[in-house]
Amino acid sequence: MNLELKLIINLSYYHVADDVPETDSEIAVVIDVLRATTTISWALKNGADSIQVFSDLDLLKDTASNWDDDKRIMLAERGGKTMNGFDLGNSPLSVTKEIVEGKRLFMSTTNGTKSLKKVQNVEYLFAMSLPNRKSVAERIMSLNKENVLILGSGWEGSYSLEDSLAAGALASYIIENSNSYVDISNDELQASLALWNVWKNNILECLKTATHGKRLTSLGDYEDDFKCCSQLDCLDIVPAQLERGVIRAS
Ligand code: 3SL
C-alpha cells in the first residue's frame, strides 16, 4: 500500500463537550444516542423545517416567541423529563410528521444541545445517531477532509457508554468503506471501536445497560425509545448546521 498517494482521514473522539480542545477540524459530528441526536434525525426525516438549539431556556422561549404559533414547536428536557411549559420533551417517538412537518423546533436538552453548541464554529457540523450512522459516514467520506472530530454528549460532564458505542460504529464504517487511510487519532476512539466490536450485535442491550439507559428505565416505560434509538442505518437524513445554531436536513 502506497500511503503517499492516499488521502488521510484523522478521526478523534471526545466523550463530552468540556473535553474538546481548540480544534482545526473541518468536520465535527455530535452524537447523543439517548436521545437528542436521534430525536433531531427523526424530526428532520418527518419533515421538520429546522431545529434551533439552545442552552438557555429563557432565550429559547424569547426566540420562539418571534415565530408564528403554528410554525414553531418548543422542546425541552432536563434530567430525562419534559419541562413544564414546553410542547414536547426529547423523545424521537414524539416528533411525528403530524406534529413537526414544516415547523421549526426550538430545542434544549441536558447534554446533547450543549455538545452541538460547543462545536458550532466548525465548518461542517453534523448530528449523528445510530439510525443515520451510514448516511453521516458517507457524507463525511464524500467531503474529502482531513480532520474529523467526533463529540459525544455524555451525562453532565461524564462518560456515556451509548455515545462511545456510536462513535465506534461511525469509525468502523469509515475504516471499512473509505478509500483514504484512516488514522484513529486518540485512545478514546480506539476504545470506542473495541466497544463497538463487543456490542454491535446487541445494540439494544448496550443502551439499556448504559447508566443513562438505566436512568430512563427508572423514569418510566422507554422500551419503544430504546428500540428506536438502537436501530442502525435506517435513516437517510444528514442533519447539518447550515446557519449558526440551526440544523436542517442536507
Ligand atoms: O441529555 C440529553 O441531551 C438528552 O438526550 C437526555 S434524554 O435522553 O432526553 O433524557
# chains A, B, ... in the order shown; residues from 1 in each chain; ligands from 1

$ select_by_dssp --residues "stretch 64-233 of chain A" --states "helix (DSSP H, G or I)" --output "PyMOL selection string"
chain A and resi 64+69-71+97-100+112-118+133-143+161-177+187-199+203-209+211-219+223-230

$ write_last_selection --atoms "C-alpha atoms" --output "short mmCIF file (atom, residue, chain, number, x, y, z; two decimals), in the first residue's frame"
data_model
loop_
_atom_site.label_atom_id
_atom_site.label_comp_id
_atom_site.auth_asym_id
_atom_site.auth_seq_id
_atom_site.Cartn_x
_atom_site.Cartn_y
_atom_site.Cartn_z
CA ALA A 64 -39.54 31.12 19.67
CA ASP A 69 -47.54 29.96 16.69
CA ASP A 70 -48.39 27.39 14.03
CA LYS A 71 -44.81 27.28 12.73
CA LYS A 97 -44.92 14.01 10.80
CA GLU A 98 -48.29 15.31 12.03
CA ILE A 99 -46.62 17.36 14.74
CA VAL A 100 -43.39 18.63 13.18
CA GLY A 112 -26.89 16.93 23.54
CA THR A 113 -27.60 20.54 22.68
CA LYS A 114 -24.59 21.59 24.80
CA SER A 115 -22.32 19.47 22.58
CA LEU A 116 -23.88 20.91 19.42
CA LYS A 117 -23.19 24.43 20.67
CA LYS A 118 -19.62 23.57 21.67
CA ARG A 133 -24.81 6.47 11.02
CA LYS A 134 -24.29 5.27 7.43
CA SER A 135 -25.68 8.48 5.87
CA VAL A 136 -23.44 10.68 8.01
CA ALA A 137 -20.41 8.47 7.37
CA GLU A 138 -20.98 8.59 3.60
CA ARG A 139 -21.26 12.40 3.76
CA ILE A 140 -18.01 12.66 5.72
CA MET A 141 -16.19 10.49 3.20
CA SER A 142 -17.57 12.48 0.27
CA LEU A 143 -16.17 15.73 1.67
CA LEU A 161 -21.44 4.08 27.01
CA GLU A 162 -24.00 4.61 24.26
CA ASP A 163 -22.34 7.66 22.66
CA SER A 164 -18.99 5.88 22.67
CA LEU A 165 -20.64 2.85 21.06
CA ALA A 166 -21.93 5.07 18.25
CA ALA A 167 -18.54 6.78 17.84
CA GLY A 168 -17.05 3.31 17.36
CA ALA A 169 -19.82 2.45 14.89
CA LEU A 170 -19.03 5.54 12.83
CA ALA A 171 -15.28 4.92 12.84
CA SER A 172 -15.82 1.28 11.95
CA TYR A 173 -17.96 2.20 8.93
CA ILE A 174 -15.38 4.70 7.69
CA ILE A 175 -12.49 2.26 8.14
CA GLU A 176 -14.38 -0.40 6.17
CA ASN A 177 -15.61 1.86 3.35
CA ASP A 187 -7.31 6.37 22.70
CA GLU A 188 -10.93 7.40 23.27
CA LEU A 189 -11.75 6.33 19.74
CA GLN A 190 -9.66 3.14 19.91
CA ALA A 191 -11.66 2.21 23.00
CA SER A 192 -14.92 3.06 21.21
CA LEU A 193 -14.01 0.77 18.34
CA ALA A 194 -13.39 -2.04 20.81
CA LEU A 195 -16.74 -1.27 22.44
CA TRP A 196 -18.48 -1.44 19.06
CA ASN A 197 -16.92 -4.82 18.35
CA VAL A 198 -18.23 -6.16 21.64
CA TRP A 199 -21.80 -4.83 21.36
CA ILE A 203 -27.08 -2.63 20.47
CA LEU A 204 -30.40 -2.57 22.31
CA GLU A 205 -28.87 -4.35 25.30
CA CYS A 206 -25.94 -1.92 25.33
CA LEU A 207 -28.30 1.06 25.51
CA LYS A 208 -30.23 -0.47 28.38
CA THR A 209 -27.00 -1.35 30.22
CA THR A 211 -26.21 4.46 33.04
CA HIS A 212 -28.49 6.81 31.15
CA GLY A 213 -30.45 3.82 29.85
CA LYS A 214 -30.99 2.77 33.45
CA ARG A 215 -31.93 6.34 34.36
CA LEU A 216 -34.61 6.39 31.66
CA THR A 217 -35.86 2.95 32.72
CA SER A 218 -36.26 4.25 36.27
CA LEU A 219 -38.37 7.15 34.97
CA GLU A 223 -38.96 0.45 25.65
CA ASP A 224 -40.01 1.99 22.33
CA ASP A 225 -37.48 4.81 22.70
CA PHE A 226 -34.73 2.24 23.24
CA LYS A 227 -35.82 0.31 20.16
CA CYS A 228 -35.92 3.46 18.05
CA CYS A 229 -32.54 4.72 19.29
CA SER A 230 -30.87 1.34 18.73
#

$ residues_near_ligand --ligand "ligand 1" --cutoff "9 Å" --atoms "only C-alpha atoms and all ligand atoms" --output "compact mmCIF listing (two decimals) with N, CA and C atoms, in the first residue's frame"
# COMPACT_ATOMS: atom_id res chain seq x y z
N ASP A 32 -25.62 12.04 20.36
CA ASP A 32 -26.32 11.84 21.64
C ASP A 32 -27.38 10.77 21.39
N VAL A 33 -26.91 9.52 21.48
CA VAL A 33 -27.77 8.37 21.12
C VAL A 33 -29.07 8.40 21.93
N LEU A 34 -28.95 8.58 23.25
CA LEU A 34 -30.11 8.70 24.16
C LEU A 34 -30.17 10.14 24.64
N ARG A 35 -30.99 11.02 23.96
CA ARG A 35 -31.72 10.72 22.77
C ARG A 35 -31.71 11.89 21.79
N ALA A 36 -30.96 12.96 22.12
CA ALA A 36 -31.15 14.22 21.37
C ALA A 36 -30.88 14.09 19.87
N THR A 37 -29.76 13.44 19.50
CA THR A 37 -29.50 13.41 18.05
C THR A 37 -30.38 12.38 17.33
N THR A 38 -30.91 11.43 18.08
CA THR A 38 -31.90 10.52 17.47
C THR A 38 -33.20 11.30 17.22
N THR A 39 -33.59 12.12 18.18
CA THR A 39 -34.80 12.95 18.02
C THR A 39 -34.62 13.93 16.84
N ALA A 76 -38.15 20.77 25.38
CA ALA A 76 -37.13 20.90 26.42
C ALA A 76 -37.17 19.71 27.36
N GLU A 77 -35.97 19.24 27.65
CA GLU A 77 -35.77 18.10 28.58
C GLU A 77 -34.68 18.47 29.56
N ARG A 78 -34.90 18.11 30.83
CA ARG A 78 -33.85 18.19 31.84
C ARG A 78 -33.95 16.95 32.70
N GLY A 79 -32.80 16.30 32.89
CA GLY A 79 -32.79 15.08 33.72
C GLY A 79 -33.66 13.96 33.16
N GLY A 80 -33.91 14.00 31.84
CA GLY A 80 -34.72 12.96 31.22
C GLY A 80 -36.21 13.28 31.18
N LYS A 81 -36.61 14.39 31.83
CA LYS A 81 -38.05 14.70 31.91
C LYS A 81 -38.40 15.91 31.06
N THR A 82 -39.61 15.91 30.55
CA THR A 82 -40.13 17.07 29.80
C THR A 82 -40.30 18.24 30.75
N GLY A 89 -41.06 16.88 25.04
CA GLY A 89 -39.78 16.55 25.66
C GLY A 89 -38.82 16.13 24.57
N ASN A 90 -38.05 15.09 24.83
CA ASN A 90 -36.97 14.75 23.91
C ASN A 90 -37.08 13.30 23.47
N SER A 91 -38.27 12.89 23.04
CA SER A 91 -38.39 11.52 22.56
C SER A 91 -38.46 11.52 21.04
N SER A 108 -33.91 22.36 23.62
CA SER A 108 -32.85 22.39 24.63
C SER A 108 -32.89 21.08 25.42
N THR A 109 -31.73 20.42 25.54
CA THR A 109 -31.66 19.18 26.32
C THR A 109 -30.49 19.26 27.30
N THR A 110 -30.42 18.31 28.21
CA THR A 110 -29.41 18.38 29.26
C THR A 110 -27.99 18.38 28.71
N ASN A 111 -27.72 17.51 27.74
CA ASN A 111 -26.33 17.34 27.29
C ASN A 111 -26.14 17.49 25.77
N GLY A 112 -27.08 16.98 25.00
CA GLY A 112 -26.89 16.93 23.54
C GLY A 112 -26.78 18.30 22.91
N THR A 113 -27.65 19.21 23.30
CA THR A 113 -27.60 20.54 22.68
C THR A 113 -26.35 21.30 23.14
N LYS A 114 -25.85 20.97 24.33
CA LYS A 114 -24.59 21.59 24.80
C LYS A 114 -23.44 21.18 23.87
N SER A 115 -23.38 19.92 23.49
CA SER A 115 -22.32 19.47 22.58
C SER A 115 -22.46 20.13 21.21
N SER A 153 -22.01 13.25 24.01
CA SER A 153 -22.71 14.19 24.89
C SER A 153 -22.59 13.80 26.36
N GLY A 154 -22.45 12.49 26.60
CA GLY A 154 -22.27 12.04 27.97
C GLY A 154 -23.45 12.43 28.85
N TRP A 155 -23.17 12.49 30.14
CA TRP A 155 -24.21 12.93 31.08
C TRP A 155 -23.58 13.88 32.10
N GLU A 156 -23.95 15.15 31.99
CA GLU A 156 -23.46 16.18 32.91
C GLU A 156 -21.95 16.07 33.14
N HIS A 212 -27.33 6.00 31.52
CA HIS A 212 -28.49 6.81 31.15
C HIS A 212 -29.67 5.93 30.71
N GLY A 213 -29.37 4.76 30.15
CA GLY A 213 -30.45 3.82 29.85
C GLY A 213 -31.17 3.43 31.14
N ARG A 215 -31.22 5.15 33.85
CA ARG A 215 -31.93 6.34 34.36
C ARG A 215 -33.30 6.45 33.68
N LEU A 216 -33.32 6.29 32.37
CA LEU A 216 -34.61 6.39 31.66
C LEU A 216 -35.56 5.28 32.12

$ residues_around --residues "A:Ala43" --least-positions-apart "3" --cutoff "9 Å" --atoms "only C-alpha atoms" --output "PDB file with all heavy atoms, in the first residue's frame"
ATOM      1  N   THR A  38     -30.911  11.428  18.084  1.00  0.00           N
ATOM      2  CA  THR A  38     -31.901  10.524  17.471  1.00  0.00           C
ATOM      3  C   THR A  38     -33.200  11.298  17.218  1.00  0.00           C
ATOM      4  O   THR A  38     -33.829  11.181  16.153  1.00  0.00           O
ATOM      5  CB  THR A  38     -32.164   9.303  18.375  1.00  0.00           C
ATOM      6  OG1 THR A  38     -30.913   8.725  18.774  1.00  0.00           O
ATOM      7  CG2 THR A  38     -32.987   8.265  17.645  1.00  0.00           C
ATOM      8  N   THR A  39     -33.588  12.123  18.183  1.00  0.00           N
ATOM      9  CA  THR A  39     -34.800  12.946  18.016  1.00  0.00           C
ATOM     10  C   THR A  39     -34.622  13.929  16.843  1.00  0.00           C
ATOM     11  O   THR A  39     -35.526  14.095  16.008  1.00  0.00           O
ATOM     12  CB  THR A  39     -35.095  13.715  19.319  1.00  0.00           C
ATOM     13  OG1 THR A  39     -35.296  12.760  20.370  1.00  0.00           O
ATOM     14  CG2 THR A  39     -36.326  14.592  19.188  1.00  0.00           C
ATOM     15  N   ILE A  40     -33.461  14.561  16.776  1.00  0.00           N
ATOM     16  CA  ILE A  40     -33.199  15.511  15.677  1.00  0.00           C
ATOM     17  C   ILE A  40     -33.288  14.796  14.323  1.00  0.00           C
ATOM     18  O   ILE A  40     -33.921  15.296  13.375  1.00  0.00           O
ATOM     19  CB  ILE A  40     -31.806  16.166  15.874  1.00  0.00           C
ATOM     20  CG1 ILE A  40     -31.848  17.150  17.043  1.00  0.00           C
ATOM     21  CG2 ILE A  40     -31.316  16.845  14.597  1.00  0.00           C
ATOM     22  CD1 ILE A  40     -30.486  17.685  17.483  1.00  0.00           C
ATOM     23  N   ASN A  46     -39.098  13.391   9.420  1.00  0.00           N
ATOM     24  CA  ASN A  46     -40.551  13.588   9.385  1.00  0.00           C
ATOM     25  C   ASN A  46     -40.954  14.980   8.911  1.00  0.00           C
ATOM     26  O   ASN A  46     -42.111  15.370   9.045  1.00  0.00           O
ATOM     27  CB  ASN A  46     -41.148  13.293  10.772  1.00  0.00           C
ATOM     28  CG  ASN A  46     -41.164  11.803  11.056  1.00  0.00           C
ATOM     29  OD1 ASN A  46     -41.166  10.993  10.131  1.00  0.00           O
ATOM     30  ND2 ASN A  46     -41.171  11.425  12.328  1.00  0.00           N
ATOM     31  N   GLY A  47     -40.018  15.702   8.347  1.00  0.00           N
ATOM     32  CA  GLY A  47     -40.383  16.942   7.646  1.00  0.00           C
ATOM     33  C   GLY A  47     -40.251  18.226   8.424  1.00  0.00           C
ATOM     34  O   GLY A  47     -40.695  19.285   7.946  1.00  0.00           O
ATOM     35  N   ALA A  48     -39.628  18.178   9.613  1.00  0.00           N
ATOM     36  CA  ALA A  48     -39.392  19.448  10.327  1.00  0.00           C
ATOM     37  C   ALA A  48     -38.551  20.353   9.430  1.00  0.00           C
ATOM     38  O   ALA A  48     -37.637  19.894   8.742  1.00  0.00           O
ATOM     39  CB  ALA A  48     -38.665  19.183  11.642  1.00  0.00           C
ATOM     40  N   ASP A  49     -38.867  21.635   9.447  1.00  0.00           N
ATOM     41  CA  ASP A  49     -38.112  22.584   8.626  1.00  0.00           C
ATOM     42  C   ASP A  49     -36.681  22.713   9.142  1.00  0.00           C
ATOM     43  O   ASP A  49     -35.712  22.722   8.373  1.00  0.00           O
ATOM     44  CB  ASP A  49     -38.812  23.948   8.683  1.00  0.00           C
ATOM     45  CG  ASP A  49     -37.952  25.048   8.125  1.00  0.00           C
ATOM     46  OD1 ASP A  49     -37.769  25.059   6.891  1.00  0.00           O
ATOM     47  OD2 ASP A  49     -37.413  25.854   8.907  1.00  0.00           O
ATOM     48  N   SER A  50     -36.533  22.815  10.467  1.00  0.00           N
ATOM     49  CA  SER A  50     -35.219  23.077  11.053  1.00  0.00           C
ATOM     50  C   SER A  50     -35.303  22.891  12.568  1.00  0.00           C
ATOM     51  O   SER A  50     -36.395  22.868  13.136  1.00  0.00           O
ATOM     52  CB  SER A  50     -34.784  24.520  10.744  1.00  0.00           C
ATOM     53  OG  SER A  50     -35.830  25.415  11.072  1.00  0.00           O
ATOM     54  N   ILE A  51     -34.118  22.783  13.169  1.00  0.00           N
ATOM     55  CA  ILE A  51     -34.042  22.663  14.623  1.00  0.00           C
ATOM     56  C   ILE A  51     -33.031  23.679  15.130  1.00  0.00           C
ATOM     57  O   ILE A  51     -31.879  23.670  14.691  1.00  0.00           O
ATOM     58  CB  ILE A  51     -33.628  21.239  15.022  1.00  0.00           C
ATOM     59  CG1 ILE A  51     -34.755  20.273  14.645  1.00  0.00           C
ATOM     60  CG2 ILE A  51     -33.362  21.145  16.530  1.00  0.00           C
ATOM     61  CD1 ILE A  51     -34.325  18.949  14.208  1.00  0.00           C
ATOM     62  N   PRO A  92     -37.694  10.633  20.384  1.00  0.00           N
ATOM     63  CA  PRO A  92     -37.794  10.549  18.918  1.00  0.00           C
ATOM     64  C   PRO A  92     -39.178  10.092  18.459  1.00  0.00           C
ATOM     65  O   PRO A  92     -39.570  10.330  17.317  1.00  0.00           O
ATOM     66  CB  PRO A  92     -36.708   9.529  18.543  1.00  0.00           C
ATOM     67  CG  PRO A  92     -36.409   8.781  19.795  1.00  0.00           C
ATOM     68  CD  PRO A  92     -36.696   9.715  20.937  1.00  0.00           C
ATOM     69  N   SER A  94     -41.944  11.242  19.635  1.00  0.00           N
ATOM     70  CA  SER A  94     -42.922  12.332  19.727  1.00  0.00           C
ATOM     71  C   SER A  94     -42.859  13.277  18.527  1.00  0.00           C
ATOM     72  O   SER A  94     -43.771  14.058  18.303  1.00  0.00           O
ATOM     73  CB  SER A  94     -42.706  13.126  21.023  1.00  0.00           C
ATOM     74  OG  SER A  94     -41.460  13.786  20.968  1.00  0.00           O
ATOM     75  N   VAL A  95     -41.778  13.204  17.739  1.00  0.00           N
ATOM     76  CA  VAL A  95     -41.636  14.158  16.625  1.00  0.00           C
ATOM     77  C   VAL A  95     -42.211  13.569  15.336  1.00  0.00           C
ATOM     78  O   VAL A  95     -41.529  13.410  14.324  1.00  0.00           O
ATOM     79  CB  VAL A  95     -40.161  14.608  16.461  1.00  0.00           C
ATOM     80  CG1 VAL A  95     -39.751  15.507  17.608  1.00  0.00           C
ATOM     81  CG2 VAL A  95     -39.191  13.419  16.381  1.00  0.00           C
ATOM     82  N   THR A  96     -43.503  13.267  15.400  1.00  0.00           N
ATOM     83  CA  THR A  96     -44.173  12.635  14.261  1.00  0.00           C
ATOM     84  C   THR A  96     -44.389  13.664  13.154  1.00  0.00           C
ATOM     85  O   THR A  96     -44.351  14.877  13.382  1.00  0.00           O
ATOM     86  CB  THR A  96     -45.545  12.092  14.683  1.00  0.00           C
ATOM     87  OG1 THR A  96     -46.309  13.215  15.172  1.00  0.00           O
ATOM     88  CG2 THR A  96     -45.418  11.049  15.787  1.00  0.00           C
ATOM     89  N   LYS A  97     -44.649  13.146  11.958  1.00  0.00           N
ATOM     90  CA  LYS A  97     -44.922  14.007  10.797  1.00  0.00           C
ATOM     91  C   LYS A  97     -46.066  14.977  11.109  1.00  0.00           C
ATOM     92  O   LYS A  97     -45.986  16.169  10.805  1.00  0.00           O
ATOM     93  CB  LYS A  97     -45.299  13.089   9.633  1.00  0.00           C
ATOM     94  CG  LYS A  97     -45.408  13.728   8.274  1.00  0.00           C
ATOM     95  CD  LYS A  97     -45.602  12.591   7.252  1.00  0.00           C
ATOM     96  CE  LYS A  97     -46.117  13.063   5.918  1.00  0.00           C
ATOM     97  NZ  LYS A  97     -45.261  13.947   5.187  1.00  0.00           N
ATOM     98  N   VAL A 100     -44.557  17.777  13.482  1.00  0.00           N
ATOM     99  CA  VAL A 100     -43.390  18.628  13.176  1.00  0.00           C
ATOM    100  C   VAL A 100     -43.305  19.124  11.738  1.00  0.00           C
ATOM    101  O   VAL A 100     -42.514  20.029  11.447  1.00  0.00           O
ATOM    102  CB  VAL A 100     -42.057  17.910  13.527  1.00  0.00           C
ATOM    103  CG1 VAL A 100     -42.035  17.481  14.969  1.00  0.00           C
ATOM    104  CG2 VAL A 100     -41.778  16.735  12.594  1.00  0.00           C
ATOM    105  N   GLU A 101     -44.092  18.569  10.840  1.00  0.00           N
ATOM    106  CA  GLU A 101     -43.891  18.892   9.417  1.00  0.00           C
ATOM    107  C   GLU A 101     -43.952  20.410   9.165  1.00  0.00           C
ATOM    108  O   GLU A 101     -44.901  21.083   9.581  1.00  0.00           O
ATOM    109  CB  GLU A 101     -44.938  18.185   8.554  1.00  0.00           C
ATOM    110  CG  GLU A 101     -44.583  18.253   7.078  1.00  0.00           C
ATOM    111  CD  GLU A 101     -45.444  17.309   6.254  1.00  0.00           C
ATOM    112  OE1 GLU A 101     -46.624  17.071   6.628  1.00  0.00           O
ATOM    113  OE2 GLU A 101     -44.939  16.818   5.235  1.00  0.00           O
ATOM    114  N   LEU A 105     -38.248  23.595  15.165  1.00  0.00           N
ATOM    115  CA  LEU A 105     -38.219  23.088  16.533  1.00  0.00           C
ATOM    116  C   LEU A 105     -37.178  23.887  17.324  1.00  0.00           C
ATOM    117  O   LEU A 105     -36.020  23.998  16.902  1.00  0.00           O
ATOM    118  CB  LEU A 105     -37.838  21.602  16.541  1.00  0.00           C
ATOM    119  CG  LEU A 105     -38.962  20.581  16.313  1.00  0.00           C
ATOM    120  CD1 LEU A 105     -39.793  20.896  15.088  1.00  0.00           C
ATOM    121  CD2 LEU A 105     -38.417  19.174  16.234  1.00  0.00           C
TER     122      LEU A 105
END

$ residues_around --residues "A:Val30" --least-positions-apart "2" --cutoff "6 Å" --atoms "only C-alpha atoms" --output "list in words"
Ala127, Met128, Leu151 and Gly152 of chain A

$ write_last_selection --atoms "C-alpha atoms" --output "PDB file, in the first residue's frame"
ATOM      1  CA  ALA A 127     -25.687  15.441  14.196  1.00  0.00           C
ATOM      2  CA  MET A 128     -25.475  11.654  14.196  1.00  0.00           C
ATOM      3  CA  LEU A 151     -18.085  14.507  20.069  1.00  0.00           C
ATOM      4  CA  GLY A 152     -20.338  12.590  22.421  1.00  0.00           C
TER       5      GLY A 152
END

$ select_by_dssp --residues "stretch 24-109 of chain A" --states "strand (DSSP E)" --output "MDAnalysis selection string"
chainID A and resid 27:31 50:53 72:78 81:82 104:108

$ write_last_selection --atoms "C-alpha atoms" --output "tab-separated table (two decimals), in the first residue's frame"
chain	number	residue	atom	x	y	z
A	27	ILE	CA	-15.79	18.39	10.32
A	28	ALA	CA	-17.47	17.83	13.68
A	29	VAL	CA	-20.00	15.07	14.35
A	30	VAL	CA	-22.10	15.31	17.51
A	31	ILE	CA	-23.64	12.17	18.97
A	50	SER	CA	-35.22	23.08	11.05
A	51	ILE	CA	-34.04	22.66	14.62
A	52	GLN	CA	-32.57	25.56	16.57
A	53	VAL	CA	-30.63	24.51	19.65
A	72	ARG	CA	-43.00	26.51	15.97
A	73	ILE	CA	-42.60	23.70	18.48
A	74	MET	CA	-40.71	24.12	21.74
A	75	LEU	CA	-38.90	21.03	23.10
A	76	ALA	CA	-37.13	20.90	26.42
A	77	GLU	CA	-35.77	18.10	28.58
A	78	ARG	CA	-33.85	18.19	31.84
A	81	LYS	CA	-38.05	14.70	31.91
A	82	THR	CA	-40.13	17.07	29.80
A	104	ARG	CA	-39.03	24.98	13.36
A	105	LEU	CA	-38.22	23.09	16.53
A	106	PHE	CA	-36.71	25.17	19.34
A	107	MET	CA	-34.81	22.61	21.41
A	108	SER	CA	-32.85	22.39	24.63

$ closest_residue --among "A:Asp19, A:Val122, A:Thr63, A:Trp42" --to "A:Arg244" --atoms "only C-alpha atoms"
A:Val122

$ closest_residue --among "A:Leu235, A:Ala249, A:Ala210, A:Val119" --to "A:Asp18" --atoms "only C-alpha atoms"
A:Val119

$ atom_distance --atom1 "atom CA of A:Tyr14" --atom2 "atom CA of A:Ile150"
6.4 Å
